[in-house]
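Peer 1: Here it is: the structure, laid out below.
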Amino acid sequence: MSKLVTLSLYKMLLRECRSLAVAAAKSNNKACCILQRPLDPNEYGQSRLFDLPLNHHHREKSSQVNAILKFVAGSICEDRRMPSVTGFAPEVLELAVKSGFRRSSEYFGDDLHLDARKAQGMAIAAIRELQMQMTLWEQTSVNYDETRNIVCMATSSCIGKVTAEKPGQFFGYRIRIENRNDPSTSDTTVQLLGRTWDIYNARKEKVSYIHAPQGGAVGHHPVLHPGECFEYMSGTDLNTMHGTMCGYFNMALVKKGTSYGQVGDSLDAFNLDEEFIFKLPVEPFQLAATNA
């Protein structure tokens, strides 16, 4: 009986892995399978700038992805902590599941020997995590600027009601901009100047238009050198349960060594010729109050 349960869980996990791989392929994310942490309301209005791993396969040990990474064990190289996502080639996730079941009697990191029941419990936790990841993917868009090797990823989540006096939902969204150029071979450096947003409700009515080409993002004009990533969380309210958001960031190609700016600063980038200015699109992503 125990073997039948384990086999059923194994098949379920492989199906979930393959579904996530399909979602990743459709996202235009260069076949990188990404696991995300859920949006944390406590991070609203915050931003961070950090270095990317050189191979761009982001790995993070967190309570959100640990159930899956336990199956990975030694299948992927060194672990690096990242703020919001962990990523690797889709086939690695499937190989990790196979490895996990094959080696269920061996050590996994600091864990003790696993018996069949514990392995099954880990599998159930991993299935739930993968299903949650699919929900996040339904509210995520990824755009890849092949010319400049810049990636923009947007993810949303309903994080509460507006107010009792003003019915509606409040959605948080996390923006992640990566400069995927290799710092050892590239000088491609970009600065975020401003943003433009179009927000639509479930009736496809435009309910908000934000045009701030020199307004930065959450008070910042970050500079992304090769191998760096800028991430922030903001939000918007909506008068329906579902909607869509899209837009673009006004970006500038700047000199390597350009200083990070704050909104209100007089940036040299504001005076650059048009040939150095470009738009980084944010593909449409869903606003969905799935748990409201």
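Following the order of the structure tokens, chains are lettered A, B, ..., residues in each are numbered from 1, and ligands are numbered from 1.
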Quick one: which range 163-182 of chain A residues come within 8 Å of range 234-249 of chain A, and what is the nearest atom pair for each with the distance in Å to one decimal, counting only C-alpha atoms, rows ordered by chain and ascending number, as JSON lines?
Peer 2:
```
{"residue": "A:Pro167", "atom": "CA", "partner": "A:Asn239", "partner_atom": "CA", "distance": 6.7}
{"residue": "A:Gly168", "atom": "CA", "partner": "A:Asn239", "partner_atom": "CA", "distance": 4.4}
{"residue": "A:Gln169", "atom": "CA", "partner": "A:Leu238", "partner_atom": "CA", "distance": 5.4}
{"residue": "A:Phe170", "atom": "CA", "partner": "A:Asp237", "partner_atom": "CA", "distance": 4.3}
{"residue": "A:Phe171", "atom": "CA", "partner": "A:Gly235", "partner_atom": "CA", "distance": 5.4}
{"residue": "A:Gly172", "atom": "CA", "partner": "A:Gly235", "partner_atom": "CA", "distance": 4.1}
{"residue": "A:Tyr173", "atom": "CA", "partner": "A:Gly235", "partner_atom": "CA", "distance": 5.5}
{"residue": "A:Arg174", "atom": "CA", "partner": "A:Ser234", "partner_atom": "CA", "distance": 6.6}
```
Peer 1: With all heavy atoms retained, write the just-selected residues as a short mmCIF file (atom, residue, chain, number, x, y, z; two decimals), in the first residue's frame.
Peer 2:
```cif
data_model
loop_
_atom_site.label_atom_id
_atom_site.label_comp_id
_atom_site.auth_asym_id
_atom_site.auth_seq_id
_atom_site.Cartn_x
_atom_site.Cartn_y
_atom_site.Cartn_z
N PRO A 167 -15.57 50.52 -1.55
CA PRO A 167 -15.46 49.09 -1.88
C PRO A 167 -14.44 48.84 -2.98
O PRO A 167 -14.25 49.65 -3.88
CB PRO A 167 -16.87 48.73 -2.35
CG PRO A 167 -17.75 49.79 -1.79
CD PRO A 167 -16.92 51.04 -1.78
N GLY A 168 -13.80 47.70 -2.90
CA GLY A 168 -12.81 47.33 -3.92
C GLY A 168 -11.69 46.52 -3.32
O GLY A 168 -11.64 46.28 -2.11
N GLN A 169 -10.80 46.08 -4.18
CA GLN A 169 -9.67 45.26 -3.76
C GLN A 169 -8.38 46.07 -3.88
O GLN A 169 -8.26 46.96 -4.72
CB GLN A 169 -9.56 44.01 -4.63
CG GLN A 169 -10.87 43.27 -4.84
CD GLN A 169 -11.50 42.82 -3.55
OE1 GLN A 169 -10.80 42.35 -2.64
NE2 GLN A 169 -12.82 42.94 -3.44
N PHE A 170 -7.41 45.72 -3.04
CA PHE A 170 -6.10 46.35 -3.15
C PHE A 170 -5.10 45.28 -3.57
O PHE A 170 -4.99 44.23 -2.94
CB PHE A 170 -5.66 46.98 -1.83
CG PHE A 170 -4.46 47.88 -1.99
CD1 PHE A 170 -4.61 49.16 -2.47
CD2 PHE A 170 -3.19 47.42 -1.70
CE1 PHE A 170 -3.51 49.99 -2.66
CE2 PHE A 170 -2.08 48.24 -1.87
CZ PHE A 170 -2.25 49.53 -2.36
N PHE A 171 -4.40 45.57 -4.65
CA PHE A 171 -3.45 44.61 -5.21
C PHE A 171 -2.02 45.11 -5.03
O PHE A 171 -1.71 46.27 -5.32
CB PHE A 171 -3.72 44.40 -6.70
CG PHE A 171 -5.04 43.75 -6.99
CD1 PHE A 171 -6.18 44.51 -7.18
CD2 PHE A 171 -5.15 42.37 -7.05
CE1 PHE A 171 -7.41 43.92 -7.43
CE2 PHE A 171 -6.37 41.76 -7.30
CZ PHE A 171 -7.50 42.54 -7.49
N GLY A 172 -1.18 44.23 -4.56
CA GLY A 172 0.24 44.53 -4.55
C GLY A 172 0.87 43.96 -5.80
O GLY A 172 0.39 42.96 -6.35
N TYR A 173 1.91 44.60 -6.29
CA TYR A 173 2.64 44.04 -7.42
C TYR A 173 4.14 44.21 -7.18
O TYR A 173 4.59 45.20 -6.63
CB TYR A 173 2.23 44.66 -8.76
CG TYR A 173 2.36 46.16 -8.87
CD1 TYR A 173 3.56 46.75 -9.26
CD2 TYR A 173 1.27 46.99 -8.60
CE1 TYR A 173 3.68 48.12 -9.37
CE2 TYR A 173 1.38 48.37 -8.71
CZ TYR A 173 2.58 48.92 -9.09
OH TYR A 173 2.70 50.29 -9.20
N ARG A 174 4.87 43.18 -7.58
CA ARG A 174 6.32 43.17 -7.42
C ARG A 174 6.97 43.26 -8.80
O ARG A 174 6.63 42.50 -9.71
CB ARG A 174 6.76 41.88 -6.73
CG ARG A 174 8.28 41.78 -6.51
CD ARG A 174 8.61 40.58 -5.63
NE ARG A 174 8.12 39.33 -6.21
CZ ARG A 174 7.64 38.31 -5.48
NH1 ARG A 174 7.55 38.40 -4.17
NH2 ARG A 174 7.23 37.21 -6.07
#
```
Peer 1: Can you tell me, as a list in words, what residues are no more than 12 Å from Glu274 in chain A when counting only C-alpha atoms, ignoring any on the same chain fewer than 4 positions away?
Peer 2: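 The filter keeps Asn250, Met251, Ala252, Leu253, Ala269, Phe270, Phe278 and Lys279 of chain A.
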Peer 1: Using Å and a single decimal, report how far CA of Pro222 in chain A sits from CA of Arg48 in chain A.
Peer 2: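 Separating CA of Arg48 in chain A from CA of Pro222 in chain A is a distance of 9.3 Å.
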Peer 1: I need the residue nearest Tyr260 in chain A from this list: A:Ile210, A:Ser186, A:Phe285, A:Leu193. Use only C-alpha atoms for the distance.
Peer 2: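 Of A:Ile210, A:Ser186, A:Phe285, A:Leu193, the one nearest Tyr260 in chain A, counting only C-alpha atoms, is A:Leu193.
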Peer 1: Considering only C-alpha atoms, return as a compact mmCIF listing (two decimals) with all heavy atoms, in the first residue's frame whatever protein or nucleic-acid residues lie within 12 Å of Asn42 in chain A, sequence-local ones (same chain, fewer than 4 positions apart) excluded.
Peer 2:
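Below you can see out-v7.txt, which holds the result:
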```
# COMPACT_ATOMS: atom_id res chain seq x y z
N PRO A 38 5.53 34.25 -2.27
CA PRO A 38 4.31 35.07 -2.32
C PRO A 38 4.64 36.51 -1.94
O PRO A 38 5.60 36.76 -1.21
CB PRO A 38 3.41 34.42 -1.27
CG PRO A 38 3.92 33.03 -1.12
CD PRO A 38 5.39 33.12 -1.34
N GLN A 46 8.84 49.11 -0.51
CA GLN A 46 10.27 48.88 -0.32
C GLN A 46 10.94 48.48 -1.64
O GLN A 46 10.28 48.00 -2.57
CB GLN A 46 10.50 47.79 0.72
CG GLN A 46 9.99 48.14 2.11
CD GLN A 46 10.26 47.05 3.12
OE1 GLN A 46 11.08 46.15 2.90
NE2 GLN A 46 9.57 47.11 4.26
N SER A 47 12.25 48.69 -1.71
CA SER A 47 13.01 48.31 -2.89
C SER A 47 14.36 47.76 -2.46
O SER A 47 14.79 47.97 -1.32
CB SER A 47 13.20 49.51 -3.82
OG SER A 47 14.00 50.49 -3.20
N ILE A 159 -3.88 41.83 -1.79
CA ILE A 159 -3.38 41.85 -0.41
C ILE A 159 -4.36 42.50 0.55
O ILE A 159 -4.01 42.79 1.69
CB ILE A 159 -2.00 42.53 -0.33
CG1 ILE A 159 -2.05 43.96 -0.86
CG2 ILE A 159 -0.96 41.73 -1.08
CD1 ILE A 159 -0.73 44.72 -0.72
N GLY A 172 -1.18 44.23 -4.56
CA GLY A 172 0.24 44.53 -4.55
C GLY A 172 0.87 43.96 -5.80
O GLY A 172 0.39 42.96 -6.35
N TYR A 232 11.19 46.00 -6.53
CA TYR A 232 10.40 46.80 -5.60
C TYR A 232 8.96 46.30 -5.58
O TYR A 232 8.53 45.58 -6.48
CB TYR A 232 10.45 48.29 -5.96
CG TYR A 232 9.62 48.71 -7.15
CD1 TYR A 232 8.29 49.14 -7.00
CD2 TYR A 232 10.15 48.70 -8.44
CE1 TYR A 232 7.54 49.55 -8.09
CE2 TYR A 232 9.39 49.11 -9.53
CZ TYR A 232 8.09 49.54 -9.34
OH TYR A 232 7.33 49.93 -10.43
N MET A 233 8.24 46.72 -4.55
CA MET A 233 6.83 46.35 -4.43
C MET A 233 6.01 47.61 -4.24
O MET A 233 6.33 48.47 -3.43
CB MET A 233 6.60 45.39 -3.26
CG MET A 233 5.15 44.96 -3.11
SD MET A 233 4.94 43.74 -1.79
CE MET A 233 3.14 43.68 -1.68
N SER A 234 4.94 47.70 -5.04
CA SER A 234 3.99 48.81 -4.93
C SER A 234 2.58 48.24 -5.03
O SER A 234 2.40 47.03 -4.86
CB SER A 234 4.27 49.85 -6.01
OG SER A 234 3.49 51.02 -5.79
```
Peer 1: Tell me, in Å to one decimal, how far CA of Gly45 in chain A is from CA of Glu138 in chain A.
Peer 2: 23.1 Å
Peer 1: When you look at Leu267 in chain A with a cut-off of 10 Å (counting only C-alpha atoms), what residues show up, excluding the ones that are within fewer than 3 positions of it in the same chain? I need them as number ranges by chain.
Peer 2: A: 191, 193, 214, 221, 258-264, 270-272
Peer 1: With all heavy atoms retained, write the just-selected residues as a compact mmCIF listing (two decimals), in the first residue's frame.
Peer 2:
```txt
# COMPACT_ATOMS: atom_id res chain seq x y z
N GLN A 191 19.75 53.02 -16.29
CA GLN A 191 19.16 53.73 -15.16
C GLN A 191 17.66 53.87 -15.38
O GLN A 191 17.21 54.19 -16.49
CB GLN A 191 19.79 55.10 -14.97
CG GLN A 191 19.27 55.84 -13.73
CD GLN A 191 20.13 57.02 -13.34
OE1 GLN A 191 20.83 57.59 -14.16
NE2 GLN A 191 20.10 57.38 -12.06
N LEU A 193 14.41 55.82 -15.18
CA LEU A 193 14.02 57.23 -15.09
C LEU A 193 12.60 57.40 -14.59
O LEU A 193 12.32 58.29 -13.78
CB LEU A 193 14.17 57.89 -16.46
CG LEU A 193 15.54 57.79 -17.14
CD1 LEU A 193 15.53 58.53 -18.47
CD2 LEU A 193 16.64 58.31 -16.23
N GLN A 214 9.73 60.75 -15.53
CA GLN A 214 10.91 61.08 -14.74
C GLN A 214 10.63 60.88 -13.24
O GLN A 214 11.33 61.43 -12.39
CB GLN A 214 11.36 62.51 -15.02
CG GLN A 214 11.84 62.73 -16.45
CD GLN A 214 12.40 64.12 -16.68
OE1 GLN A 214 12.37 65.00 -15.81
NE2 GLN A 214 12.96 64.35 -17.87
N HIS A 221 15.78 56.22 -8.48
CA HIS A 221 16.24 56.13 -9.87
C HIS A 221 17.43 55.17 -9.86
O HIS A 221 18.60 55.61 -9.95
CB HIS A 221 16.67 57.49 -10.41
CG HIS A 221 15.57 58.48 -10.60
ND1 HIS A 221 14.58 58.32 -11.54
CD2 HIS A 221 15.30 59.65 -9.96
CE1 HIS A 221 13.75 59.35 -11.49
NE2 HIS A 221 14.15 60.17 -10.53
N THR A 258 27.88 55.30 -13.05
CA THR A 258 26.86 56.31 -12.75
C THR A 258 26.25 56.04 -11.38
O THR A 258 25.98 54.90 -11.02
CB THR A 258 25.75 56.30 -13.82
OG1 THR A 258 26.33 56.64 -15.09
CG2 THR A 258 24.64 57.28 -13.50
N SER A 259 26.03 57.10 -10.62
CA SER A 259 25.54 56.96 -9.25
C SER A 259 24.02 56.72 -9.20
O SER A 259 23.27 57.24 -10.02
CB SER A 259 25.86 58.22 -8.44
OG SER A 259 27.25 58.43 -8.37
N TYR A 260 23.63 55.95 -8.22
CA TYR A 260 22.22 55.69 -7.90
C TYR A 260 21.55 57.02 -7.54
O TYR A 260 22.13 57.85 -6.86
CB TYR A 260 22.20 54.74 -6.71
CG TYR A 260 20.89 54.08 -6.37
CD1 TYR A 260 20.67 52.74 -6.68
CD2 TYR A 260 19.89 54.76 -5.70
CE1 TYR A 260 19.49 52.09 -6.33
CE2 TYR A 260 18.69 54.13 -5.36
CZ TYR A 260 18.50 52.80 -5.68
OH TYR A 260 17.33 52.17 -5.34
N GLY A 261 20.33 57.24 -8.02
CA GLY A 261 19.65 58.50 -7.76
C GLY A 261 18.37 58.35 -6.96
O GLY A 261 17.79 57.27 -6.89
N GLN A 262 17.94 59.46 -6.37
CA GLN A 262 16.67 59.54 -5.66
C GLN A 262 15.75 60.48 -6.43
O GLN A 262 16.21 61.40 -7.12
CB GLN A 262 16.87 60.07 -4.23
CG GLN A 262 17.84 59.26 -3.39
CD GLN A 262 17.28 57.93 -2.95
OE1 GLN A 262 16.06 57.78 -2.81
NE2 GLN A 262 18.14 56.94 -2.73
N VAL A 263 14.44 60.25 -6.32
CA VAL A 263 13.50 61.15 -6.95
C VAL A 263 13.70 62.56 -6.41
O VAL A 263 13.80 62.76 -5.20
CB VAL A 263 12.05 60.68 -6.72
CG1 VAL A 263 11.05 61.74 -7.18
CG2 VAL A 263 11.79 59.37 -7.47
N GLY A 264 13.81 63.54 -7.31
CA GLY A 264 14.11 64.91 -6.93
C GLY A 264 15.52 65.31 -7.31
O GLY A 264 15.83 66.50 -7.40
N PHE A 270 18.61 62.64 -17.57
CA PHE A 270 17.47 63.40 -18.09
C PHE A 270 17.85 64.22 -19.33
O PHE A 270 16.97 64.60 -20.11
CB PHE A 270 16.91 64.34 -17.02
CG PHE A 270 16.22 63.65 -15.89
CD1 PHE A 270 16.16 64.23 -14.62
CD2 PHE A 270 15.61 62.42 -16.07
CE1 PHE A 270 15.49 63.60 -13.58
CE2 PHE A 270 14.95 61.77 -15.03
CZ PHE A 270 14.90 62.37 -13.78
N ASN A 271 19.12 64.49 -19.50
CA ASN A 271 19.58 65.35 -20.59
C ASN A 271 20.26 64.58 -21.72
O ASN A 271 20.85 65.19 -22.62
CB ASN A 271 20.55 66.41 -20.05
CG ASN A 271 19.91 67.29 -18.98
OD1 ASN A 271 18.79 67.78 -19.16
ND2 ASN A 271 20.59 67.46 -17.86
N LEU A 272 20.16 63.26 -21.69
CA LEU A 272 20.78 62.45 -22.73
C LEU A 272 20.02 62.57 -24.05
O LEU A 272 18.81 62.84 -24.08
CB LEU A 272 20.82 60.99 -22.30
CG LEU A 272 21.80 60.63 -21.17
CD1 LEU A 272 21.59 59.18 -20.75
CD2 LEU A 272 23.25 60.85 -21.63
```
Peer 1: Give me, as a list in words, all polymer residues having an atom no more than 9 Å from Met153 in chain A, counting only C-alpha atoms and skipping those fewer than 2 positions away in the same chain.
Peer 2: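 Skipping anything fewer than 2 positions along the chain leaves Thr140, Ser141, Val142, Asn143, Tyr144, Val151, Thr155, Arg174, Ile175, Arg176, Ile177, Glu178, Val282 and Glu283 of chain A.
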Peer 1: So the first atom is CA of Trp137 in chain A and the second is CA of Cys152 in chain A; what is the distance between them in Å, to one decimal place?
Peer 2: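 Separating CA of Trp137 in chain A from CA of Cys152 in chain A is a distance of 14.3 Å.
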Peer 1: Which residue out of A:His220, A:Val190, A:Pro281, A:Lys204 has the minimum interatomic distance to Gly257 in chain A when only C-alpha atoms are used?
Peer 2: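 For Gly257 in chain A, the nearest of the candidates is A:Val190.
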Peer 1: From a DSSP calculation on the backbone, collect every residue of range 103-249 of chain A in strand (DSSP E) and output the set as a PyMOL selection string.
Peer 2: chain A and resi 140-145+150-161+169-179+189-201+206-212+220-221+223-224+228-238+242-249
